[in-house]
>>> print(open('final-v1.cif').read())   # mmCIF, C-alpha atoms (C1' of nucleotides)
data_coords
loop_
_atom_site.label_atom_id
_atom_site.label_comp_id
_atom_site.auth_asym_id
_atom_site.auth_seq_id
_atom_site.Cartn_x
_atom_site.Cartn_y
_atom_site.Cartn_z
CA MET A 1 -5.95 -19.21 -12.25
CA GLY A 2 -6.66 -15.67 -11.10
CA SER A 3 -5.43 -13.10 -13.56
CA ILE A 4 -4.16 -9.75 -12.38
CA ASP A 5 -7.44 -8.06 -13.29
CA SER A 6 -9.64 -10.60 -11.52
CA PRO A 7 -12.01 -9.15 -8.93
CA ARG A 8 -10.41 -11.43 -6.36
CA ILE A 9 -6.94 -9.93 -6.80
CA GLN A 10 -8.36 -6.42 -7.02
CA GLU A 11 -10.35 -6.70 -3.82
CA LEU A 12 -7.57 -8.42 -1.90
CA SER A 13 -5.01 -5.83 -2.94
CA GLN A 14 -7.36 -2.99 -2.01
CA ILE A 15 -7.71 -4.47 1.46
CA LEU A 16 -3.99 -5.10 1.88
CA LYS A 17 -3.14 -1.65 0.58
CA ALA A 18 -5.49 -0.14 3.12
CA LEU A 19 -3.70 -2.07 5.84
CA GLY A 20 -0.29 -1.06 4.50
CA HIS A 21 0.10 2.24 6.28
CA PRO A 22 1.37 2.71 9.84
CA THR A 23 -1.43 5.03 10.89
CA ARG A 24 -4.17 2.80 9.46
CA LEU A 25 -2.62 -0.32 10.95
CA PHE A 26 -2.50 1.44 14.29
CA ILE A 27 -6.17 2.34 13.97
CA ILE A 28 -7.00 -1.26 13.14
CA GLU A 29 -5.20 -2.54 16.22
CA GLU A 30 -6.82 0.06 18.44
CA ILE A 31 -10.38 -0.61 17.35
CA ALA A 32 -9.73 -4.35 17.39
CA GLN A 33 -9.61 -4.04 21.17
CA GLU A 34 -12.69 -1.89 21.50
CA PRO A 35 -14.80 0.42 19.36
CA THR A 36 -13.21 3.86 19.44
CA CYS A 37 -14.39 7.27 18.32
CA VAL A 38 -12.50 9.55 15.98
CA CYS A 39 -11.59 12.13 18.60
CA VAL A 40 -9.89 9.50 20.76
CA LEU A 41 -8.07 8.03 17.78
CA LYS A 42 -6.94 11.51 16.83
CA GLU A 43 -5.41 12.00 20.29
CA ARG A 44 -3.59 8.67 20.22
CA ILE A 45 -2.30 9.21 16.70
CA GLY A 46 -1.36 12.85 17.15
CA ALA A 47 -2.48 13.99 13.71
CA ASP A 48 -5.09 16.39 12.41
CA THR A 49 -8.69 15.18 12.69
CA SER A 50 -9.10 15.45 8.94
CA THR A 51 -6.09 13.22 8.40
CA VAL A 52 -7.52 10.56 10.71
CA SER A 53 -10.92 10.86 9.07
CA LYS A 54 -9.40 10.34 5.63
CA HIS A 55 -7.57 7.22 6.80
CA LEU A 56 -10.84 5.94 8.21
CA SER A 57 -12.58 6.49 4.89
CA ILE A 58 -9.91 4.39 3.18
CA LEU A 59 -10.47 1.62 5.70
CA ARG A 60 -14.23 1.97 5.18
CA ASN A 61 -13.94 1.72 1.40
CA ALA A 62 -11.92 -1.45 1.82
CA GLY A 63 -14.72 -2.82 4.01
CA LEU A 64 -12.39 -3.23 6.96
CA VAL A 65 -14.30 -1.16 9.50
CA SER A 66 -17.85 -0.43 10.58
CA MET A 67 -19.10 2.79 12.08
CA GLU A 68 -21.77 3.54 14.65
CA LYS A 69 -22.97 7.02 15.50
CA LYS A 70 -23.62 8.00 19.09
CA GLY A 71 -24.64 11.61 19.19
CA THR A 72 -22.02 13.65 17.38
CA MET A 73 -19.40 11.01 17.91
CA VAL A 74 -18.68 8.15 15.55
CA TYR A 75 -17.37 4.88 16.90
CA TYR A 76 -15.35 2.68 14.60
CA SER A 77 -14.88 -1.06 14.99
CA LEU A 78 -13.53 -3.99 12.97
CA SER A 79 -16.12 -5.29 10.54
CA CYS A 80 -14.56 -8.76 10.67
CA ALA A 81 -12.40 -10.40 13.33
CA CYS A 82 -10.54 -12.16 10.53
CA VAL A 83 -8.47 -9.01 10.07
CA LYS A 84 -6.74 -9.80 13.34
CA ASP A 85 -5.95 -13.29 12.02
CA CYS A 86 -4.51 -11.81 8.86
CA ILE A 87 -2.10 -9.64 10.81
CA GLN A 88 -1.22 -12.35 13.29
CA ALA A 89 -0.43 -14.74 10.45
CA LEU A 90 2.50 -12.49 9.53
CA LEU A 91 4.27 -12.76 12.87
CA PRO A 92 6.33 -15.83 11.84
CA LEU A 93 7.59 -13.83 8.88
CA ILE A 94 8.73 -11.00 11.12
CA GLU A 95 10.53 -13.46 13.38
CA LEU A 96 12.20 -14.94 10.32
CA LYS A 97 13.36 -11.50 9.24
CA HIS A 98 14.89 -10.88 12.65
CA LYS A 99 16.60 -14.24 12.64
CA ARG A 100 18.09 -13.50 9.22
CA TYR A 101 19.21 -10.07 10.34
CA CYS A 102 20.99 -11.49 13.39
CA GLU A 103 22.73 -14.08 11.24
CA MET A 104 23.83 -11.40 8.83
CA LEU A 105 25.60 -9.50 11.61
CA GLN A 106 27.87 -12.47 12.27
CA MET B 1 0.52 -0.58 23.60
CA GLY B 2 2.27 -0.33 20.26
CA SER B 3 2.73 3.26 19.18
CA ILE B 4 2.64 4.23 15.53
CA ASP B 5 6.42 4.47 15.39
CA SER B 6 7.02 1.07 16.98
CA PRO B 7 9.16 -1.30 14.92
CA ARG B 8 6.29 -3.78 15.02
CA ILE B 9 3.85 -1.45 13.27
CA GLN B 10 6.52 -0.27 10.86
CA GLU B 11 7.49 -3.77 9.79
CA LEU B 12 3.94 -5.02 9.53
CA SER B 13 2.85 -2.06 7.45
CA GLN B 14 5.85 -2.46 5.15
CA ILE B 15 4.85 -6.09 4.54
CA LEU B 16 1.18 -5.28 4.02
CA LYS B 17 2.03 -2.37 1.74
CA ALA B 18 4.17 -4.68 -0.36
CA LEU B 19 1.22 -7.05 -0.65
CA GLY B 20 -1.15 -4.20 -1.47
CA HIS B 21 -0.61 -4.05 -5.22
CA PRO B 22 -2.36 -6.26 -7.79
CA THR B 23 0.82 -7.19 -9.63
CA ARG B 24 2.71 -8.04 -6.47
CA LEU B 25 -0.19 -10.00 -5.05
CA PHE B 26 -0.36 -11.92 -8.32
CA ILE B 27 3.37 -12.68 -8.07
CA ILE B 28 2.91 -13.90 -4.51
CA GLU B 29 0.11 -16.26 -5.52
CA GLU B 30 2.08 -17.57 -8.48
CA ILE B 31 5.26 -18.33 -6.57
CA ALA B 32 3.23 -19.75 -3.69
CA GLN B 33 2.40 -22.64 -5.98
CA GLU B 34 5.92 -23.18 -7.26
CA PRO B 35 9.17 -21.23 -7.53
CA THR B 36 9.04 -19.19 -10.71
CA CYS B 37 11.66 -17.25 -12.65
CA VAL B 38 11.36 -13.62 -13.64
CA CYS B 39 10.96 -14.28 -17.36
CA VAL B 40 7.94 -16.53 -16.75
CA LEU B 41 6.41 -14.04 -14.34
CA LYS B 42 6.94 -11.32 -16.91
CA GLU B 43 4.99 -13.33 -19.50
CA ARG B 44 2.10 -14.02 -17.15
CA ILE B 45 1.93 -10.43 -15.98
CA GLY B 46 2.40 -8.84 -19.39
CA ALA B 47 4.58 -5.99 -18.20
CA ASP B 48 8.12 -4.89 -18.86
CA THR B 49 10.84 -7.01 -17.27
CA SER B 50 12.14 -4.00 -15.39
CA THR B 51 8.72 -3.38 -13.94
CA VAL B 52 8.46 -6.96 -12.69
CA SER B 53 11.97 -6.78 -11.32
CA LYS B 54 11.13 -3.67 -9.37
CA HIS B 55 8.05 -5.27 -7.86
CA LEU B 56 10.19 -8.23 -6.89
CA SER B 57 12.67 -5.95 -5.16
CA ILE B 58 9.86 -4.45 -3.12
CA LEU B 59 8.75 -7.93 -2.10
CA ARG B 60 12.37 -8.79 -1.29
CA ASN B 61 12.84 -5.71 0.89
CA ALA B 62 9.72 -6.66 2.80
CA GLY B 63 11.23 -10.10 3.35
CA LEU B 64 8.34 -11.81 1.59
CA VAL B 65 10.28 -13.70 -1.05
CA SER B 66 13.51 -15.63 -1.45
CA MET B 67 15.53 -15.94 -4.62
CA GLU B 68 17.65 -18.75 -6.01
CA LYS B 69 19.86 -18.39 -9.04
CA LYS B 70 20.03 -21.14 -11.61
CA GLY B 71 22.31 -20.06 -14.41
CA THR B 72 21.17 -16.69 -15.64
CA MET B 73 17.66 -17.25 -14.37
CA VAL B 74 16.46 -16.27 -10.92
CA TYR B 75 13.71 -18.28 -9.28
CA TYR B 76 11.58 -16.59 -6.70
CA SER B 77 9.64 -18.35 -3.97
CA LEU B 78 7.75 -17.46 -0.79
CA SER B 79 10.10 -17.05 2.14
CA CYS B 80 7.36 -18.06 4.56
CA ALA B 81 4.21 -20.11 3.99
CA CYS B 82 2.48 -17.91 6.53
CA VAL B 83 1.92 -15.34 3.77
CA LYS B 84 -0.66 -17.69 2.28
CA ASP B 85 -2.41 -17.85 5.65
CA CYS B 86 -2.44 -14.07 5.84
CA ILE B 87 -4.20 -13.79 2.50
CA GLN B 88 -6.57 -16.65 3.18
CA ALA B 89 -7.58 -15.08 6.48
CA LEU B 90 -9.14 -12.23 4.52
CA LEU B 91 -11.57 -14.39 2.54
CA PRO B 92 -14.36 -14.10 5.14
CA LEU B 93 -14.08 -10.34 4.84
CA ILE B 94 -14.52 -10.49 1.08
CA GLU B 95 -17.56 -12.71 1.47
CA LEU B 96 -18.96 -10.24 3.96
CA LYS B 97 -18.45 -7.40 1.49
CA HIS B 98 -20.32 -9.33 -1.18
CA LYS B 99 -23.13 -10.15 1.18
CA ARG B 100 -23.46 -6.47 2.10
CA TYR B 101 -23.40 -5.46 -1.53
CA CYS B 102 -26.21 -7.90 -2.42
CA GLU B 103 -28.30 -6.63 0.48
CA MET B 104 -27.75 -3.07 -0.67
CA LEU B 105 -29.20 -3.86 -4.08
CA GLN B 106 -32.53 -4.85 -2.54
"C1'" DT C 1 37.08 -13.45 -25.88
"C1'" DG C 2 32.53 -12.26 -27.91
"C1'" DA C 3 27.57 -12.96 -28.71
"C1'" DG C 4 23.36 -13.76 -26.53
"C1'" DT C 5 20.02 -14.13 -22.76
"C1'" DA C 6 18.28 -13.00 -18.00
"C1'" DT C 7 18.05 -9.74 -14.54
"C1'" DT C 8 18.79 -5.50 -12.07
"C1'" DT C 9 19.50 -0.61 -11.80
"C1'" DT C 10 18.93 4.13 -13.24
"C1'" DG C 11 16.32 7.93 -15.16
"C1'" DC C 12 12.17 10.09 -15.98
"C1'" DA C 13 7.33 11.44 -16.70
"C1'" DA C 14 2.61 10.40 -15.20
"C1'" DT C 15 -0.01 9.47 -11.45
"C1'" DA C 16 -1.32 8.64 -6.63
"C1'" DT C 17 -0.78 9.30 -1.71
"C1'" DC C 18 -0.22 12.05 2.43
"C1'" DG C 19 -1.09 15.58 5.78
"C1'" DC C 20 -2.40 20.08 6.88
"C1'" DC C 21 -5.74 23.95 6.46
"C1'" DA C 22 -10.19 25.70 5.57
"C1'" DA C 23 -14.92 24.99 4.62
"C1'" DA C 24 -19.05 22.17 4.87
"C1'" DT C 25 -22.05 18.94 7.38
"C1'" DA C 26 -24.35 16.79 11.38
"C1'" DG C 27 -26.03 16.49 15.98
"C1'" DC C 28 -26.81 18.31 20.68
"C1'" DA C 29 -27.77 21.93 24.32
"C1'" DG C 30 -29.47 26.14 25.57
"C1'" DC D 1 -32.51 29.54 15.96
"C1'" DT D 2 -27.62 30.07 17.97
"C1'" DG D 3 -23.52 28.37 19.55
"C1'" DC D 4 -20.68 24.43 20.21
"C1'" DT D 5 -18.42 20.04 19.29
"C1'" DA D 6 -17.47 16.00 16.24
"C1'" DT D 7 -16.73 14.54 11.79
"C1'" DT D 8 -16.31 14.69 6.86
"C1'" DT D 9 -15.05 16.80 2.54
"C1'" DG D 10 -12.42 19.79 -0.74
"C1'" DG D 11 -8.14 21.96 -1.92
"C1'" DC D 12 -3.28 22.17 -2.26
"C1'" DG D 13 1.72 21.47 -1.96
"C1'" DA D 14 5.14 17.94 -0.82
"C1'" DT D 15 6.37 13.43 -1.41
"C1'" DA D 16 6.09 8.60 -3.04
"C1'" DT D 17 4.72 5.11 -6.39
"C1'" DT D 18 4.32 3.26 -10.92
"C1'" DG D 19 5.84 1.63 -15.38
"C1'" DC D 20 8.48 2.12 -19.51
"C1'" DA D 21 13.03 2.75 -21.82
"C1'" DA D 22 17.88 2.62 -21.69
"C1'" DA D 23 22.04 1.31 -19.54
"C1'" DA D 24 24.52 -1.72 -16.54
"C1'" DT D 25 25.41 -6.30 -14.61
"C1'" DA D 26 25.64 -11.41 -14.53
"C1'" DC D 27 25.89 -15.71 -16.49
"C1'" DT D 28 26.32 -19.28 -20.34
"C1'" DC D 29 28.01 -21.06 -24.50
"C1'" DA D 30 30.67 -21.20 -28.57
#
>>> encode(input="final-v1.cif", output="structure tokens")
Amino acid sequence: MGSIDSPRIQELSQILKALGHPTRLFIIEEIAQEPTCVCVLKERIGADTSTVSKHLSILRNAGLVSMEKKGTMVYYSLSCACVKDCIQALLPLIELKHKRYCEMLQ
Amino acid sequence: MGSIDSPRIQELSQILKALGHPTRLFIIEEIAQEPTCVCVLKERIGADTSTVSKHLSILRNAGLVSMEKKGTMVYYSLSCACVKDCIQALLPLIELKHKRYCEMLQ
DNA sequence: TGAGTATTTTGCAATATCGCCAAATAGCAG
DNA sequence: CTGCTATTTGGCGATATTGCAAAATACTCA
């Protein structure tokens, strides 16, 4: 059995924590479609560049994204397509929540 | 395109944030195997009952777990098996991280 | 009813996260 | 080298999370 301090739990929770923020999840979904540079992400997010950069460093530390420099610009992309699967796996849960919410109203 | 404030992003990030803590991830993996009551979880985690209860309330608010009372005890279980899929989807990413780390050492 | 157990809620202090600003770094063009 | 743009890093206040202790709630049994 994995204890709470096992590397497995630690690594998984680091990854999930990194994904557990609206801005970072948005970034993940954007770069899942195509590699995107920081300045474009900044525009779409509407936050300070430094804020976006810090979110990207969190995603980097979790191993979720890869970066590629092109001139002064840095393009970020998903380091593993499995991240998309992880997110998609949760859709049934969201549907379930909605179903429960509708039932509660009646 | 989903904006950052879209309900979809908000709900997904709430779920992922709830999963992004070692103790809560541990709880999820325990109750994924069989419904477990708070007092047993408390023993396995080694934290105060109130602490465990608070983690469970976070998981509840995210819709991740269901509870069933049996006498004074409350048994928690996964509300959707898809949560297991979500976690399992990340295993390739962890392997990739390890592979990168080994390469870095050489 | 009263004692005892299980769980949740509240309060609080320690710690961590978030987002902006300012400063530092890196790369390109002239 | 200088100026310019893109990005990262450091600093700081505001806010949120975390975990324990104490109080409140819920349920069972005698």
>>> closest_atom_pairs(input="final-v1.cif", of="chain C", to="chain B", cutoff="12 Å", atoms="only C-alpha atoms (C1' of nucleotides)", output="Markdown table")
| residue | atom | partner | partner_atom | distance |
| --- | --- | --- | --- | --- |
| C:DG4 | C1' | B:Thr72 | CA | 11.5 |
| C:DT5 | C1' | B:Thr72 | CA | 7.7 |
| C:DA6 | C1' | B:Thr72 | CA | 5.2 |
| C:DT7 | C1' | B:Ser53 | CA | 7.5 |
| C:DT8 | C1' | B:Ser53 | CA | 7.0 |
| C:DT9 | C1' | B:Ser50 | CA | 8.9 |
| C:DT10 | C1' | B:Ser50 | CA | 10.8 |
>>> write_last_selection(input="final-v1.cif", atoms="C-alpha atoms (C1' of nucleotides)", output="PDB file, in the frame of the given file")
ATOM      1  C1'  DG C   4      23.360 -13.760 -26.530  1.00  0.00           C
ATOM      2  C1'  DT C   5      20.020 -14.130 -22.760  1.00  0.00           C
ATOM      3  C1'  DA C   6      18.280 -13.000 -18.000  1.00  0.00           C
ATOM      4  C1'  DT C   7      18.050  -9.740 -14.540  1.00  0.00           C
ATOM      5  C1'  DT C   8      18.790  -5.500 -12.070  1.00  0.00           C
ATOM      6  C1'  DT C   9      19.500  -0.610 -11.800  1.00  0.00           C
ATOM      7  C1'  DT C  10      18.930   4.130 -13.240  1.00  0.00           C
TER       8       DT C  10
END
>>> closest_atom_pairs(input="final-v1.cif", of="chain C", to="stretch 5-10 of chain D", cutoff="9 Å", atoms="all atoms listed in the file", output="JSON lines")
{"residue": "C:DA22", "atom": "C1'", "partner": "D:DG10", "partner_atom": "C1'", "distance": 8.9}
{"residue": "C:DA23", "atom": "C1'", "partner": "D:DG10", "partner_atom": "C1'", "distance": 7.9}
{"residue": "C:DA24", "atom": "C1'", "partner": "D:DT9", "partner_atom": "C1'", "distance": 7.1}
{"residue": "C:DT25", "atom": "C1'", "partner": "D:DT8", "partner_atom": "C1'", "distance": 7.2}
{"residue": "C:DA26", "atom": "C1'", "partner": "D:DT7", "partner_atom": "C1'", "distance": 8.0}
{"residue": "C:DG27", "atom": "C1'", "partner": "D:DA6", "partner_atom": "C1'", "distance": 8.6}
{"residue": "C:DC28", "atom": "C1'", "partner": "D:DT5", "partner_atom": "C1'", "distance": 8.7}
>>> atom_distance(input="final-v1.cif", atom1="atom C1' of C:DA14", atom2="atom CA of B:Asn61")
25.0 Å
>>> closest_atom_pairs(input="final-v1.cif", of="chain A", to="chain B", cutoff="7 Å", atoms="all atoms listed in the file", output="JSON lines")
{"residue": "A:Ile4", "atom": "CA", "partner": "B:Phe26", "partner_atom": "CA", "distance": 6.0}
{"residue": "A:Ile9", "atom": "CA", "partner": "B:Pro22", "partner_atom": "CA", "distance": 6.0}
{"residue": "A:Gln10", "atom": "CA", "partner": "B:Pro22", "partner_atom": "CA", "distance": 6.1}
{"residue": "A:Ser13", "atom": "CA", "partner": "B:Gly20", "partner_atom": "CA", "distance": 4.4}
{"residue": "A:Gln14", "atom": "CA", "partner": "B:Gly20", "partner_atom": "CA", "distance": 6.3}
{"residue": "A:Leu16", "atom": "CA", "partner": "B:Gly20", "partner_atom": "CA", "distance": 4.5}
{"residue": "A:Lys17", "atom": "CA", "partner": "B:Gly20", "partner_atom": "CA", "distance": 3.8}
{"residue": "A:Leu19", "atom": "CA", "partner": "B:Leu16", "partner_atom": "CA", "distance": 6.1}
{"residue": "A:Gly20", "atom": "CA", "partner": "B:Lys17", "partner_atom": "CA", "distance": 3.8}
{"residue": "A:His21", "atom": "CA", "partner": "B:Ser13", "partner_atom": "CA", "distance": 5.2}
{"residue": "A:Pro22", "atom": "CA", "partner": "B:Ser13", "partner_atom": "CA", "distance": 5.5}
{"residue": "A:Thr23", "atom": "CA", "partner": "B:Ile4", "partner_atom": "CA", "distance": 6.2}
{"residue": "A:Leu25", "atom": "CA", "partner": "B:Ser13", "partner_atom": "CA", "distance": 6.7}
{"residue": "A:Phe26", "atom": "CA", "partner": "B:Ile4", "partner_atom": "CA", "distance": 6.0}
{"residue": "A:Gly63", "atom": "CA", "partner": "B:Lys97", "partner_atom": "CA", "distance": 6.4}
{"residue": "A:Cys80", "atom": "CA", "partner": "B:Leu93", "partner_atom": "CA", "distance": 6.1}
{"residue": "A:Cys82", "atom": "CA", "partner": "B:Ala89", "partner_atom": "CA", "distance": 5.8}
{"residue": "A:Val83", "atom": "CA", "partner": "B:Leu90", "partner_atom": "CA", "distance": 6.5}
{"residue": "A:Asp85", "atom": "CA", "partner": "B:Ala89", "partner_atom": "CA", "distance": 6.0}
{"residue": "A:Cys86", "atom": "CA", "partner": "B:Cys86", "partner_atom": "CA", "distance": 4.3}
{"residue": "A:Ile87", "atom": "CA", "partner": "B:Cys86", "partner_atom": "CA", "distance": 6.7}
{"residue": "A:Ala89", "atom": "CA", "partner": "B:Cys86", "partner_atom": "CA", "distance": 5.1}
{"residue": "A:Leu90", "atom": "CA", "partner": "B:Cys82", "partner_atom": "CA", "distance": 6.2}
{"residue": "A:Pro92", "atom": "CA", "partner": "B:Cys82", "partner_atom": "CA", "distance": 6.9}
{"residue": "A:Leu93", "atom": "CA", "partner": "B:Cys80", "partner_atom": "CA", "distance": 6.1}
{"residue": "A:Lys97", "atom": "CA", "partner": "B:Gly63", "partner_atom": "CA", "distance": 6.4}
>>> closest_atom_pairs(input="final-v1.cif", of="chain D", to="chain B", cutoff="10 Å", atoms="only C-alpha atoms (C1' of nucleotides)", output="Markdown table")
| residue | atom | partner | partner_atom | distance |
| --- | --- | --- | --- | --- |
| D:DT18 | C1' | B:Thr51 | CA | 8.5 |
| D:DG19 | C1' | B:Thr51 | CA | 6.0 |
| D:DC20 | C1' | B:Asp48 | CA | 7.0 |
| D:DA21 | C1' | B:Ser50 | CA | 9.4 |
| D:DA26 | C1' | B:Thr72 | CA | 7.0 |
| D:DC27 | C1' | B:Thr72 | CA | 4.9 |
| D:DT28 | C1' | B:Gly71 | CA | 7.2 |
>>> atom_distance(input="final-v1.cif", atom1="atom C1' of D:DC29", atom2="atom CA of B:Tyr75")
21.1 Å
>>> closest_residue(input="final-v1.cif", among="B:Leu105, B:Pro7, B:Leu56, B:Glu95", to="B:Leu78", atoms="only C-alpha atoms")
B:Leu56
>>> atom_distance(input="final-v1.cif", atom1="atom CA of B:Thr36", atom2="atom CA of A:Met104")
25.7 Å
>>> resolve_selection(input="final-v1.cif", expression="the PyMOL selection byres ((chain D and resi 13) around 12)", output="PyMOL selection string")
(chain C and resi 18-21) or (chain D and resi 11-12+14-15)
>>> resolve_selection(input="final-v1.cif", expression="the PyMOL selection byres ((chain C and resi 1) around 12)", output="list in words")
DG2 and DA3 of chain C; DC29 and DA30 of chain D
